[in-house]
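Reading through the structure tokens given below for one structure.
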Amino acid sequence: MTEELKTQIADAVGRQPVSLQELHGGNVARVHLAEMETGSPLVIKTGGGDFAVEALMLRYLAENTSLPVPVVHHADKTLLIMDWIESGDPIDDDAERDAARHLSALHKITATDFGFECDTLIGPLRQPNPKTSSWLEFFRDHRLLFMARQALTEDRVSSDTMGRFEALASRLDEWIEEPAAPQLLHGDMWGGNVLVKDSRITSFIDPAIYFGNAEMDLAFATLFGTFREPFFETYEDYAPLRPGFWEARRDLYNLNPLLVHLRLFGGDYGRSIDAILNRFGV
């Protein structure tokens, strides 16, 4: 398999790999570092989702934003080849502040509709992105209910829990406000997708882009403790948060990534979902 993969890499980029080292951190794909006979090392992803879609998202960010992302050299459904980005340091306070500057700039990129030019992926899972004029409608139908119904089909949630999601969806206007404009999101904002070296962000990886509400990225960034006070203090220097984010909307928006993780991994994510549904009285 290693020799076959080396041949695929050489055919794709015109350079010969001399060694492959498997890297940690790939939850749904295998990731290798390829040392090359000439030139810089490359990162190789195999398995997982449709890498052509991941490449489309990375290239969109590279061409339309200042967000640091790896250069893509080759992509098809089963193989993705990118630049290796120096990283490996923890997300310290200075890195959080740097991330806030990058993400606030990303969120200033707007569109006329919510959604995207095509469906995208979060991990290996499809994200539908039909162009929609209302944020509440987009979040309700194409994130919350879509993910819940997929989880129901996969026996990750019960029909009773699905009923609770539908009850919550009917009341979202009690908490959700329309942003001034659809904002470009990274979409999968947790620590494993943030690369750091010397207290600076060297790259954001594994995007799940679409035009939505920046609060989706911000909520996700709190779910697993990726970013804390230094990030939010800096972010608010550029874009103050509306009242109600910490009190209600953060938990509402985190139902989407919790459903994603429940679909992928099962486990205790269902308990976290139940706790949020209980909190909102459904």
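Identifiers for the structure tokens are assigned positionally: chains receive A, B, ... in sequence, residues are indexed from 1 per chain, and ligands are indexed from 1 in the order shown.
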Polymer residues at most 8 Å from Lys108 of chain A, only C-alpha atoms, same-chain spacing of 2 or more positions, as a PyMOL selection string: chain A and resi 104-106+110+183-184
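Excluding Val72 of chain A itself and any same-chain residue fewer than 5 positions from it, the protein and nucleic acid residues within 9 Å of it, counting only C-alpha atoms, are Ala55, Leu58, Arg59, Leu80, Ile81, Met82 and Asp83 of chain A.
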Skipping near chain neighbours, those fewer than 2 positions away, what residues fall within 9 Å of segment 156-164 of chain A using only C-alpha atoms, listed as a list of chain:residue names? A:Leu145, A:Ala148, A:Arg149, A:Gln150, A:Ala151, A:Leu152, A:Thr153, A:Glu154, A:Glu166, A:Ala167, A:Leu168, A:Ala169, A:Leu259, A:Leu262, A:Arg263, A:Gly266, A:Gly270, A:Asp274, A:Leu277, A:Val282
DSSP helix (DSSP H, G or I) residues within segment 120-217 of chain A, as a ChimeraX atom specification: /A:135-153,159-169,172-174,191-193,215-217
Please write the residues from the selection above to a file, keeping N, CA and C atoms, as a short mmCIF file (atom, residue, chain, number, x, y, z; two decimals), in the first residue's frame.
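Contents of the output file out.cif:
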data_model
loop_
_atom_site.label_atom_id
_atom_site.label_comp_id
_atom_site.auth_asym_id
_atom_site.auth_seq_id
_atom_site.Cartn_x
_atom_site.Cartn_y
_atom_site.Cartn_z
N TRP A 135 -31.64 33.91 7.35
CA TRP A 135 -30.75 33.10 8.17
C TRP A 135 -31.53 32.11 9.03
N LEU A 136 -32.62 32.55 9.64
CA LEU A 136 -33.40 31.63 10.47
C LEU A 136 -33.85 30.43 9.65
N GLU A 137 -34.34 30.69 8.45
CA GLU A 137 -34.80 29.59 7.59
C GLU A 137 -33.64 28.69 7.20
N PHE A 138 -32.50 29.28 6.85
CA PHE A 138 -31.35 28.47 6.44
C PHE A 138 -30.89 27.59 7.60
N PHE A 139 -30.68 28.19 8.78
CA PHE A 139 -30.21 27.41 9.92
C PHE A 139 -31.22 26.33 10.30
N ARG A 140 -32.48 26.69 10.33
CA ARG A 140 -33.52 25.72 10.72
C ARG A 140 -33.58 24.53 9.77
N ASP A 141 -33.67 24.82 8.47
CA ASP A 141 -33.95 23.76 7.51
C ASP A 141 -32.70 23.03 7.02
N HIS A 142 -31.59 23.73 6.85
CA HIS A 142 -30.43 23.15 6.18
C HIS A 142 -29.27 22.85 7.11
N ARG A 143 -29.43 23.17 8.39
CA ARG A 143 -28.44 22.77 9.37
C ARG A 143 -29.12 21.94 10.47
N LEU A 144 -29.96 22.57 11.28
CA LEU A 144 -30.53 21.89 12.45
C LEU A 144 -31.40 20.69 12.06
N LEU A 145 -32.46 20.92 11.29
CA LEU A 145 -33.37 19.83 10.95
C LEU A 145 -32.73 18.84 9.98
N PHE A 146 -31.92 19.33 9.05
CA PHE A 146 -31.25 18.41 8.13
C PHE A 146 -30.37 17.43 8.89
N MET A 147 -29.51 17.94 9.78
CA MET A 147 -28.61 17.07 10.53
C MET A 147 -29.38 16.14 11.46
N ALA A 148 -30.45 16.65 12.08
CA ALA A 148 -31.25 15.80 12.98
C ALA A 148 -31.92 14.68 12.20
N ARG A 149 -32.46 14.99 11.02
CA ARG A 149 -33.12 13.94 10.23
C ARG A 149 -32.13 12.90 9.72
N GLN A 150 -30.92 13.35 9.36
CA GLN A 150 -29.89 12.38 8.98
C GLN A 150 -29.54 11.48 10.17
N ALA A 151 -29.43 12.08 11.36
CA ALA A 151 -29.13 11.29 12.56
C ALA A 151 -30.25 10.31 12.86
N LEU A 152 -31.50 10.71 12.61
CA LEU A 152 -32.64 9.80 12.81
C LEU A 152 -32.55 8.63 11.84
N THR A 153 -32.26 8.89 10.58
CA THR A 153 -32.13 7.84 9.58
C THR A 153 -31.03 6.85 9.95
N SER A 159 -37.05 8.81 17.48
CA SER A 159 -38.14 9.60 16.92
C SER A 159 -38.63 10.63 17.94
N ASP A 160 -38.57 10.30 19.22
CA ASP A 160 -38.96 11.27 20.26
C ASP A 160 -38.02 12.47 20.24
N THR A 161 -36.71 12.20 20.12
CA THR A 161 -35.75 13.31 20.06
C THR A 161 -35.96 14.12 18.80
N MET A 162 -36.28 13.47 17.69
CA MET A 162 -36.55 14.19 16.46
C MET A 162 -37.73 15.14 16.66
N GLY A 163 -38.75 14.67 17.39
CA GLY A 163 -39.89 15.52 17.69
C GLY A 163 -39.50 16.74 18.51
N ARG A 164 -38.54 16.56 19.39
CA ARG A 164 -38.06 17.69 20.19
C ARG A 164 -37.33 18.70 19.30
N PHE A 165 -36.55 18.21 18.35
CA PHE A 165 -35.89 19.12 17.41
C PHE A 165 -36.93 19.90 16.60
N GLU A 166 -37.97 19.24 16.18
CA GLU A 166 -39.00 19.94 15.40
C GLU A 166 -39.72 20.98 16.24
N ALA A 167 -39.94 20.66 17.53
CA ALA A 167 -40.56 21.64 18.42
C ALA A 167 -39.66 22.86 18.61
N LEU A 168 -38.35 22.60 18.79
CA LEU A 168 -37.41 23.71 18.91
C LEU A 168 -37.38 24.55 17.64
N ALA A 169 -37.37 23.87 16.49
CA ALA A 169 -37.30 24.58 15.21
C ALA A 169 -38.48 25.53 15.05
N LEU A 172 -37.60 28.94 16.96
CA LEU A 172 -36.29 29.58 16.83
C LEU A 172 -36.37 31.10 16.77
N ASP A 173 -37.49 31.64 16.29
CA ASP A 173 -37.59 33.09 16.20
C ASP A 173 -37.60 33.76 17.56
N GLU A 174 -37.72 32.99 18.64
CA GLU A 174 -37.64 33.56 19.98
C GLU A 174 -36.21 33.98 20.33
N GLY A 191 -10.11 23.04 17.70
CA GLY A 191 -8.66 23.15 17.82
C GLY A 191 -7.87 22.29 16.87
N GLY A 192 -8.41 21.13 16.48
CA GLY A 192 -7.69 20.26 15.57
C GLY A 192 -7.53 20.85 14.18
N ASN A 193 -8.30 21.88 13.88
CA ASN A 193 -8.23 22.52 12.56
C ASN A 193 -7.49 23.85 12.58
N GLU A 215 -21.70 33.85 14.17
CA GLU A 215 -21.89 33.23 15.48
C GLU A 215 -21.79 31.71 15.43
N MET A 216 -21.99 31.12 14.27
CA MET A 216 -21.80 29.67 14.15
C MET A 216 -20.35 29.30 14.40
N ASP A 217 -19.41 30.01 13.77
CA ASP A 217 -17.98 29.76 14.03
C ASP A 217 -17.63 30.04 15.49
#
Polymer residues at most 6 Å from segment 199-210 of chain A, only C-alpha atoms, same-chain spacing of 6 or more positions, as an MDAnalysis selection string: chainID A and resid 68:69 94:95 115:116 121:122 184:188 193
Find the distance between atom CA of Leu195 of chain A and atom CA of Val43 of chain A and write it in Å to one decimal. 13.5 Å
Cut-off 8 Å: closest segment 95-176 of chain A/segment 229-252 of chain A atom pairs per residue, using only C-alpha atoms, as JSON lines:
{"residue": "A:Glu96", "atom": "CA", "partner": "A:Phe231", "partner_atom": "CA", "distance": 4.7}
{"residue": "A:Arg97", "atom": "CA", "partner": "A:Phe231", "partner_atom": "CA", "distance": 4.9}
{"residue": "A:Asp98", "atom": "CA", "partner": "A:Phe231", "partner_atom": "CA", "distance": 7.9}
{"residue": "A:Ala99", "atom": "CA", "partner": "A:Phe231", "partner_atom": "CA", "distance": 7.0}
{"residue": "A:Ala100", "atom": "CA", "partner": "A:Tyr235", "partner_atom": "CA", "distance": 4.9}
{"residue": "A:Arg101", "atom": "CA", "partner": "A:Tyr235", "partner_atom": "CA", "distance": 6.5}
{"residue": "A:Leu103", "atom": "CA", "partner": "A:Tyr235", "partner_atom": "CA", "distance": 8.0}
{"residue": "A:Ser104", "atom": "CA", "partner": "A:Tyr235", "partner_atom": "CA", "distance": 6.2}
{"residue": "A:Trp175", "atom": "CA", "partner": "A:Arg249", "partner_atom": "CA", "distance": 6.6}
{"residue": "A:Ile176", "atom": "CA", "partner": "A:Arg249", "partner_atom": "CA", "distance": 6.9}
For the selection you just gave me, I'd like the residues written to a file as a tab-separated table (two decimals), in the first residue's frame, keeping C-alpha atoms.
chain	number	residue	atom	x	y	z
A	96	GLU	CA	-5.91	33.06	20.17
A	97	ARG	CA	-5.58	36.78	19.48
A	98	ASP	CA	-4.07	36.05	16.08
A	99	ALA	CA	-6.94	33.67	15.29
A	100	ALA	CA	-9.43	36.38	16.25
A	101	ARG	CA	-7.88	38.80	13.77
A	103	LEU	CA	-11.57	35.09	11.66
A	104	SER	CA	-12.95	38.60	12.09
A	175	TRP	CA	-33.83	33.62	20.03
A	176	ILE	CA	-32.35	33.95	16.55
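Proximity to Glu178 of chain A was assessed for A:Gly281, A:Pro257, A:Pro17, A:Gly212 counting only C-alpha atoms; the smallest distance is recorded for A:Gly212.
Counting from atom CA of Pro130 of chain A, the distance to atom CA of Ala181 of chain A is 16.1 Å.
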Can you list, as a PyMOL selection string, every protein, DNA or RNA residue that comes within 8 Å of Ala221 of chain A when you count only C-alpha atoms, leaving out same-chain residues fewer than 5 positions away? chain A and resi 189-191+226-227
Pull C-alpha atoms from the residues just selected and write them as an mmCIF file, in the first residue's frame.
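Now in result-v8.cif:
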data_model
loop_
_atom_site.group_PDB
_atom_site.id
_atom_site.type_symbol
_atom_site.label_atom_id
_atom_site.label_comp_id
_atom_site.auth_asym_id
_atom_site.auth_seq_id
_atom_site.Cartn_x
_atom_site.Cartn_y
_atom_site.Cartn_z
ATOM 1 C CA MET A 189 -13.876 25.692 14.045
ATOM 2 C CA TRP A 190 -12.251 23.441 16.631
ATOM 3 C CA GLY A 191 -8.662 23.152 17.825
ATOM 4 C CA THR A 226 -10.656 25.844 21.375
ATOM 5 C CA PHE A 227 -10.782 29.588 22.091
#
When you look at segment 5-9 of chain A with a cut-off of 10 Å (counting only C-alpha atoms), what residues show up, excluding the ones that are within fewer than 3 positions of it in the same chain? I need them as a tab-separated table (two decimals) with N, CA and C atoms, in the first residue's frame.
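That gives us out_32.tsv:
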chain	number	residue	atom	x	y	z
A	1	MET	N	0.83	-1.20	0.00
A	1	MET	CA	0.00	0.00	0.00
A	1	MET	C	0.86	1.25	0.00
A	2	THR	N	1.95	1.23	0.78
A	2	THR	CA	2.83	2.39	0.84
A	2	THR	C	3.45	2.67	-0.53
A	12	ALA	N	0.88	12.31	-9.46
A	12	ALA	CA	0.04	13.50	-9.29
A	12	ALA	C	0.83	14.79	-9.31
A	13	VAL	N	2.03	14.81	-8.72
A	13	VAL	CA	2.76	16.07	-8.56
A	13	VAL	C	4.07	16.12	-9.32
A	14	GLY	N	4.47	15.00	-9.92
A	14	GLY	CA	5.69	15.00	-10.71
A	14	GLY	C	6.96	15.03	-9.89
A	15	ARG	N	6.87	14.67	-8.63
A	15	ARG	CA	8.03	14.57	-7.75
A	15	ARG	C	7.95	13.25	-6.99
A	16	GLN	N	9.09	12.68	-6.69
A	16	GLN	CA	9.11	11.35	-6.08
A	16	GLN	C	9.19	11.46	-4.55
A	17	PRO	N	8.24	10.84	-3.84
A	17	PRO	CA	8.35	10.79	-2.38
A	17	PRO	C	9.39	9.74	-1.98
A	18	VAL	N	10.16	10.06	-0.92
A	18	VAL	CA	11.16	9.12	-0.44
A	18	VAL	C	10.73	8.44	0.85
A	19	SER	N	9.77	9.04	1.58
A	19	SER	CA	9.28	8.41	2.80
A	19	SER	C	7.88	8.92	3.11
A	20	LEU	N	7.10	8.10	3.80
A	20	LEU	CA	5.76	8.46	4.26
A	20	LEU	C	5.67	8.19	5.76
A	34	ALA	N	4.73	13.36	3.58
A	34	ALA	CA	5.59	12.80	2.53
A	34	ALA	C	6.83	13.65	2.38
A	36	MET	N	9.92	14.50	0.23
A	36	MET	CA	10.08	14.38	-1.21
A	36	MET	C	11.56	14.38	-1.60
A	42	LEU	N	5.17	17.30	1.64
A	42	LEU	CA	3.74	17.43	1.35
A	42	LEU	C	2.92	16.66	2.37
A	44	ILE	N	-0.43	14.31	2.73
A	44	ILE	CA	-1.23	13.42	1.90
A	44	ILE	C	-2.43	12.94	2.72
A	46	THR	N	-5.81	10.38	2.53
A	46	THR	CA	-6.49	9.31	1.81
A	46	THR	C	-7.68	8.86	2.63
A	74	HIS	N	-3.05	18.64	-5.57
A	74	HIS	CA	-3.81	17.62	-6.31
A	74	HIS	C	-5.01	17.23	-5.46
A	79	LEU	N	-7.87	11.12	-2.93
A	79	LEU	CA	-6.51	11.55	-2.65
A	79	LEU	C	-6.44	13.08	-2.65
A	80	LEU	N	-5.83	13.64	-1.60
A	80	LEU	CA	-5.62	15.08	-1.50
A	80	LEU	C	-4.16	15.32	-1.15
A	81	ILE	N	-3.50	16.19	-1.91
A	81	ILE	CA	-2.08	16.51	-1.69
A	81	ILE	C	-1.96	18.01	-1.49
Got a sec to tell me which of segment 111-277 of chain A DSSP assigns to strand (DSSP E or B), as a list of chain:residue names? A:Phe114, A:Gly115, A:Thr120, A:Leu121, A:Ile122, A:Leu125, A:Arg126, A:Gln127, A:Thr132, A:Gln183, A:Leu184, A:Leu185, A:Val194, A:Leu195, A:Val196, A:Lys197, A:Arg200, A:Ile201, A:Thr202, A:Ser203, A:Phe204, A:Tyr210, A:Phe211, A:Gly212
Could you save the residues just selected, with N, CA and C atoms, as a compact mmCIF listing (two decimals), in the first residue's frame?
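What follows is the written file result39.txt:
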# COMPACT_ATOMS: atom_id res chain seq x y z
N PHE A 114 -27.63 33.45 2.03
CA PHE A 114 -27.03 32.40 2.84
C PHE A 114 -26.89 31.14 1.99
N GLY A 115 -25.88 30.34 2.33
CA GLY A 115 -25.61 29.14 1.55
C GLY A 115 -24.29 29.26 0.81
N THR A 120 -21.33 21.66 0.41
CA THR A 120 -19.98 21.43 0.90
C THR A 120 -20.01 20.27 1.90
N LEU A 121 -18.91 20.05 2.58
CA LEU A 121 -18.79 18.95 3.53
C LEU A 121 -18.34 19.48 4.88
N ILE A 122 -18.82 18.82 5.95
CA ILE A 122 -18.22 18.99 7.26
C ILE A 122 -17.71 17.61 7.66
N LEU A 125 -19.38 14.50 5.92
CA LEU A 125 -20.84 14.62 5.85
C LEU A 125 -21.26 15.80 4.97
N ARG A 126 -22.29 15.59 4.19
CA ARG A 126 -22.78 16.63 3.28
C ARG A 126 -23.43 17.76 4.04
N GLN A 127 -23.13 18.98 3.60
CA GLN A 127 -23.80 20.19 4.07
C GLN A 127 -24.58 20.79 2.91
N THR A 132 -30.47 31.02 0.21
CA THR A 132 -31.64 31.31 1.03
C THR A 132 -31.54 32.74 1.55
N GLN A 183 -22.36 36.00 6.11
CA GLN A 183 -20.92 36.11 6.33
C GLN A 183 -20.22 34.80 5.99
N LEU A 184 -19.02 34.90 5.44
CA LEU A 184 -18.28 33.69 5.08
C LEU A 184 -17.73 33.03 6.34
N LEU A 185 -17.96 31.73 6.48
CA LEU A 185 -17.56 30.98 7.66
C LEU A 185 -16.51 29.93 7.31
N VAL A 194 -6.77 24.11 13.68
CA VAL A 194 -6.01 25.35 13.83
C VAL A 194 -4.54 24.99 14.05
N LEU A 195 -3.68 25.36 13.13
CA LEU A 195 -2.26 25.03 13.22
C LEU A 195 -1.49 26.24 13.74
N VAL A 196 -0.61 26.00 14.71
CA VAL A 196 0.08 27.08 15.41
C VAL A 196 1.57 26.81 15.45
N LYS A 197 2.36 27.87 15.26
CA LYS A 197 3.81 27.82 15.46
C LYS A 197 4.25 29.17 15.99
N ARG A 200 1.65 31.97 16.60
CA ARG A 200 0.95 32.52 15.44
C ARG A 200 0.23 31.40 14.72
N ILE A 201 -0.90 31.75 14.12
CA ILE A 201 -1.64 30.78 13.32
C ILE A 201 -0.92 30.61 11.99
N THR A 202 -0.50 29.39 11.70
CA THR A 202 0.15 29.14 10.41
C THR A 202 -0.85 28.65 9.36
N SER A 203 -1.95 28.06 9.80
CA SER A 203 -2.96 27.63 8.84
C SER A 203 -4.25 27.24 9.56
N PHE A 204 -5.36 27.43 8.85
CA PHE A 204 -6.63 26.80 9.21
C PHE A 204 -6.86 25.69 8.19
N TYR A 210 -19.42 28.07 4.04
CA TYR A 210 -20.67 28.55 3.47
C TYR A 210 -20.86 29.98 3.99
N PHE A 211 -21.83 30.68 3.45
CA PHE A 211 -22.18 31.99 3.96
C PHE A 211 -23.32 31.82 4.96
N GLY A 212 -23.05 32.24 6.20
CA GLY A 212 -24.02 32.06 7.26
C GLY A 212 -23.93 33.21 8.25
Work out how far apart atom CA of Phe224 of chain A and atom CA of His261 of chain A are and give it in Å to one decimal.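 A separation of 11.7 Å between them.
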